[in-house]
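Asks: To be precise about what I am sending: the file is called upload.txt and holds compact mmCIF, C-alpha atoms.
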```txt
# COMPACT_ATOMS: atom_id res chain seq x y z
CA MET A 182 77.10 111.38 125.43
CA VAL A 183 78.58 109.10 122.77
CA ILE A 184 81.57 110.57 120.96
CA LEU A 185 82.04 109.49 117.38
CA LYS A 186 85.67 109.04 116.38
CA ASN A 187 86.92 108.54 112.85
CA VAL A 188 90.30 107.15 111.92
CA TYR A 189 91.01 107.36 108.20
CA ILE A 190 93.44 104.63 107.15
CA VAL A 191 95.24 105.59 103.95
CA ARG A 192 97.40 103.35 101.82
CA HIS A 193 100.11 105.31 100.05
CA CYS A 194 99.89 106.28 96.39
CA GLU A 195 101.72 104.54 93.53
CA ALA A 196 105.46 104.34 94.22
CA GLU A 197 108.65 103.42 92.37
CA GLY A 198 109.26 100.40 94.60
CA GLN A 199 109.15 98.91 98.09
CA SER A 200 112.31 100.34 99.67
CA PHE A 201 112.25 102.85 102.51
CA TYR A 202 113.37 105.58 100.08
CA ALA A 203 111.07 104.69 97.17
CA LYS A 204 109.40 107.87 95.98
CA LEU A 205 106.03 108.28 94.34
CA THR A 206 105.84 107.90 90.58
CA GLU A 207 104.52 110.79 88.49
CA LYS A 208 101.13 109.07 88.60
CA GLY A 209 101.56 108.73 92.39
CA PHE A 210 102.15 112.46 92.80
CA ASN A 211 98.95 113.12 90.83
CA GLN A 212 97.13 110.59 93.02
CA ALA A 213 98.40 112.46 96.11
CA LEU A 214 96.75 115.63 94.79
CA ASP A 215 93.51 113.68 94.17
CA LEU A 216 93.76 112.22 97.67
CA SER A 217 94.20 115.71 99.12
CA SER A 218 91.09 116.89 97.33
CA PHE A 219 89.17 113.77 98.40
CA LEU A 220 90.04 114.26 102.09
CA SER A 221 89.93 118.06 102.19
CA GLU A 222 86.34 118.29 103.48
CA ILE A 223 87.21 116.41 106.67
CA LYS A 224 87.98 118.45 109.78
CA VAL A 225 91.30 116.69 110.36
CA ASP A 226 92.80 116.91 113.85
CA ARG A 227 95.94 114.82 113.28
CA ILE A 228 97.92 113.16 110.49
CA ILE A 229 100.18 110.26 111.44
CA SER A 230 102.35 108.60 108.81
CA SER A 231 104.77 105.78 108.22
CA PRO A 232 108.30 107.19 107.96
CA TYR A 233 108.61 105.75 104.43
CA GLU A 234 109.08 108.42 101.75
CA ARG A 235 106.10 107.24 99.66
CA ALA A 236 103.72 107.46 102.63
CA ILE A 237 104.78 111.00 103.56
CA GLN A 238 104.64 112.16 99.95
CA SER A 239 101.13 110.71 99.62
CA ILE A 240 99.73 112.90 102.41
CA GLN A 241 101.98 115.97 102.13
CA PRO A 242 99.64 117.91 99.80
CA LEU A 243 96.77 117.57 102.30
CA ALA A 244 99.01 118.44 105.25
CA ASN A 245 100.19 121.54 103.40
CA GLN A 246 96.63 122.54 102.49
CA LEU A 247 95.38 122.10 106.06
CA ASN A 248 98.58 123.43 107.64
CA ILE A 249 98.89 120.31 109.81
CA GLU A 250 102.21 118.79 110.79
CA ILE A 251 102.67 115.16 109.83
CA GLU A 252 103.53 113.03 112.86
CA ILE A 253 105.89 110.16 112.01
CA ASP A 254 105.36 106.80 113.71
CA GLY A 255 107.74 103.90 113.08
CA LYS A 256 105.00 101.42 114.02
CA LEU A 257 103.37 102.20 110.65
CA THR A 258 106.31 100.98 108.53
CA GLU A 259 105.94 98.37 105.83
CA ARG A 260 105.79 94.84 107.16
CA VAL A 261 108.95 92.86 106.49
CA LEU A 262 107.94 89.40 105.25
CA SER A 263 111.58 88.24 105.14
CA THR A 264 115.05 89.73 104.82
CA LYS A 265 115.79 87.10 102.15
CA ASP A 266 114.57 87.41 98.58
CA ILE A 267 111.57 85.10 98.22
CA SER A 268 110.56 84.32 94.64
CA ASP A 269 107.12 83.03 95.71
CA TRP A 270 106.56 85.88 98.20
CA GLU A 271 102.86 86.18 97.33
CA ASP A 272 102.22 82.53 98.22
CA LYS A 273 104.23 82.99 101.42
CA LEU A 274 102.23 86.12 102.25
CA ARG A 275 98.97 84.19 101.70
CA THR A 276 100.09 81.59 104.24
CA THR A 277 100.72 84.33 106.83
CA PHE A 278 97.04 85.29 106.61
CA GLU A 279 96.16 81.67 107.44
CA ASP A 280 98.84 81.19 110.12
CA VAL A 281 99.26 84.55 111.85
CA GLU A 282 102.23 83.33 113.92
CA LEU A 283 104.24 82.15 110.85
CA LYS A 284 107.55 83.98 110.39
CA PHE A 285 110.12 83.79 107.63
CA GLU A 286 113.81 84.54 108.07
CA GLY A 287 114.31 88.08 109.34
CA GLY A 288 110.62 88.92 108.99
CA GLU A 289 107.73 89.46 111.33
CA SER A 290 104.54 87.47 111.70
CA SER A 291 101.13 88.83 110.77
CA GLN A 292 100.32 88.92 114.48
CA GLU A 293 103.40 91.04 115.30
CA ALA A 294 102.68 93.46 112.45
CA LYS A 295 99.00 93.68 113.38
CA GLU A 296 99.87 94.51 116.99
CA ARG A 297 101.98 97.48 115.80
CA ILE A 298 99.24 99.18 113.83
CA VAL A 299 96.44 98.27 116.27
CA ASP A 300 98.49 99.94 119.01
CA VAL A 301 98.66 103.17 116.97
CA VAL A 302 94.92 103.09 116.22
CA GLU A 303 93.92 102.29 119.80
CA ASN A 304 96.04 105.20 121.04
CA VAL A 305 94.24 107.47 118.57
CA PHE A 306 90.85 106.19 119.75
CA ASN A 307 91.94 107.05 123.32
CA ASP A 308 93.10 110.61 122.56
CA VAL A 309 90.99 113.75 122.20
CA SER A 310 91.06 114.00 118.40
CA GLU A 311 87.86 113.23 116.51
CA ASN A 312 89.28 112.83 112.99
CA THR A 313 92.74 111.37 112.45
CA ILE A 314 94.40 110.25 109.23
CA ILE A 315 96.91 107.38 109.41
CA VAL A 316 99.06 106.71 106.34
CA THR A 317 100.55 103.26 106.01
CA HIS A 318 101.11 100.31 103.65
CA GLY A 319 98.84 97.68 102.12
CA ASN A 320 99.75 94.63 104.17
CA LEU A 321 99.63 96.52 107.46
CA MET A 322 96.32 98.12 106.46
CA SER A 323 94.81 94.72 105.66
CA LEU A 324 96.00 93.27 108.98
CA LEU A 325 94.40 96.20 110.80
CA LEU A 326 91.09 95.69 109.00
CA ASN A 327 91.30 91.97 109.81
CA ASN A 328 91.56 92.93 113.48
CA TYR A 329 88.06 94.42 113.28
CA ASN A 330 86.63 91.87 110.83
CA LYS A 331 88.23 88.41 110.79
CA THR A 332 86.93 87.74 107.26
CA PHE A 333 89.19 90.46 105.80
CA GLY A 334 91.99 88.36 104.33
CA PHE A 335 94.50 87.80 101.58
CA ASN A 336 92.04 88.28 98.70
CA ASP A 337 90.92 91.59 100.22
CA TRP A 338 94.59 92.63 100.46
CA GLN A 339 94.92 91.86 96.74
CA ASP A 340 91.91 94.11 96.04
CA LEU A 341 93.46 97.14 97.76
CA THR A 342 94.48 99.98 95.47
CA ASN A 343 97.20 102.65 95.58
CA PRO A 344 95.99 104.84 97.15
CA ASP A 345 93.15 103.40 99.19
CA VAL A 346 91.11 104.87 102.03
CA TYR A 347 89.07 103.21 104.75
CA VAL A 348 87.47 104.88 107.73
CA LEU A 349 87.31 103.20 111.12
CA ARG A 350 84.50 104.56 113.26
CA GLU A 351 84.33 104.16 117.00
CA ILE A 352 80.90 104.63 118.47
CA GLY A 353 80.95 103.84 122.15
CA ASN A 354 83.11 100.71 122.37
CA LYS A 355 82.33 99.36 118.89
CA VAL A 356 84.60 99.82 115.87
CA THR A 357 83.30 99.47 112.33
CA TYR A 358 84.95 100.25 109.01
CA GLU A 359 83.96 101.32 105.53
CA ARG A 360 85.91 101.67 102.30
CA LEU A 361 85.73 105.22 101.00
CA TRP A 362 88.09 105.14 98.00
CA ASN A 363 86.87 103.74 94.68
```
Represent the structure from my file as structure tokens, please.

Replies:
Amino acid sequence: MVILKNVYIVRHCEAEGQSFYAKLTEKGFNQALDLSSFLSEIKVDRIISSPYERAIQSIQPLANQLNIEIEIDGKLTERVLSTKDISDWEDKLRTTFEDVELKFEGGESSQEAKERIVDVVENVFNDVSENTIIVTHGNLMSLLLNNYNKTFGFNDWQDLTNPDVYVLREIGNKVTYERLWN
């Protein structure tokens, strides 16, 4: 018997900034309610979130509605491109999609960041849950999707929205994905 597993990858809603403590904006809180409504028909087994405030706040309405505890996983944190301020950070980020081993001062490479989130997803695919929601950040989400489809790159990252939702489906040993949020 083939068991179908679904892992819903959620990018957080609109936030006040990029820091660990950045909260959702008023629009972001409204988006979190929309997200809750959007995901409420799924029989969710687990919710795993980045420890960042904006990620938790994005999924809290759904967790409350479903009475599911949010599991926090530090592997889902925002990728650090560099600990230095980089004025041309978007150009630097683009280059890390082309050279996955490239690292800037104090930061992590695309490969290192990808390994973090792939580890979380693979562990979910190996557990008993059928439907899991993982809440993370745009760059990490795009690196995960690139793991399953090498053509997913920088331009696709730019097209992500806040929030955004993709579903990864594992059927047998094959993983596919589909964008659900419009």

Asks: Near stretch 292-308 of chain A, within 10 Å and counting only C-alpha atoms, which residues show up once chain neighbours fewer than 5 positions away are dropped, as a ChimeraX atom specification?

Replies: /A:185-190,227,229,254-262,277-278,280-284,313-315,317,320-329,349-351,354,356

Asks: Rank A:Val191, A:Val316, A:Leu247, A:Val346 by their smallest atom-to-atom distance to A:Ser231, using all atoms listed in the file, and report the top residue only.

Replies: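 When distances to A:Ser231 are compared using all atoms listed in the file, the smallest one comes from A:Val316.
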
Asks: Return the single residue from A:Asn336, A:Pro242, A:Glu286, A:Leu220 that is closest to A:Trp362, with distances computed using all atoms listed in the file.

Replies: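 Checking each candidate against A:Trp362, we get A:Leu220 as the closest.
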
Asks: Give me, please, the distance in Å between atom CA of A:Glu311 and atom CA of A:Lys224, quoted to one decimal.

Replies: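 We find that atom CA of A:Glu311 and atom CA of A:Lys224 lie 8.5 Å from each other.
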
Asks: Using only C-alpha atoms, which residues sit within 10 Å of stretch 196-203 of chain A once same-chain residues fewer than 3 positions away are excluded, as a short mmCIF file (atom, residue, chain, number, x, y, z; two decimals) with C-alpha atoms, in the coordinates of the input?

Replies:
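Okay, this is what ended up in selection.cif:
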```
data_model
loop_
_atom_site.label_atom_id
_atom_site.label_comp_id
_atom_site.auth_asym_id
_atom_site.auth_seq_id
_atom_site.Cartn_x
_atom_site.Cartn_y
_atom_site.Cartn_z
CA HIS A 193 100.11 105.31 100.05
CA THR A 206 105.84 107.90 90.58
CA GLU A 207 104.52 110.79 88.49
CA LYS A 208 101.13 109.07 88.60
CA GLY A 209 101.56 108.73 92.39
CA PHE A 210 102.15 112.46 92.80
CA SER A 231 104.77 105.78 108.22
CA PRO A 232 108.30 107.19 107.96
CA TYR A 233 108.61 105.75 104.43
CA GLU A 234 109.08 108.42 101.75
CA ARG A 235 106.10 107.24 99.66
CA ALA A 236 103.72 107.46 102.63
CA GLN A 238 104.64 112.16 99.95
CA SER A 239 101.13 110.71 99.62
CA THR A 258 106.31 100.98 108.53
CA GLU A 259 105.94 98.37 105.83
CA HIS A 318 101.11 100.31 103.65
CA ASN A 343 97.20 102.65 95.58
CA PRO A 344 95.99 104.84 97.15
#
```

Asks: Just checking: using only C-alpha atoms, which residue out of A:Ser217, A:Asp226, A:Gly353, A:Asp345 ends up closest to A:Ser310?

Replies: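 Looking only at the distances to A:Ser310, the closest residue turns out to be A:Asp226.
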
Asks: What separation in Å, quoted to one decimal, exists between atom CA of A:Ile228 and atom CA of A:Glu250?

Replies: 7.1 Å

Asks: How far is it from atom CA of A:Val225 to atom CA of A:Asn312, in Å with one decimal?

Replies: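 Separation of atom CA of A:Val225 and atom CA of A:Asn312: 5.1 Å.
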
Asks: Which of these, A:Gly288, A:Thr357, A:Thr276, A:Val309, has the shortest distance to A:Asn330 once you count all atoms listed in the file?

Replies: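 With all atoms listed in the file as the atom set, the closest residue is A:Thr357.
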
Asks: For a quick check of understanding, using only C-alpha atoms, which of A:Ser268, A:Ser263, A:Phe333, A:Lys273 has the smallest distance to A:Gly287?

Replies: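 Using only C-alpha atoms, the shortest distance to A:Gly287 belongs to A:Ser263.
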
Asks: Let me make sure I understand: among A:Ile223, A:Phe335, A:Leu214, A:Thr342, which one has the smallest atom-to-atom distance to A:Ser291 if we use all atoms listed in the file?

Replies: A:Phe335
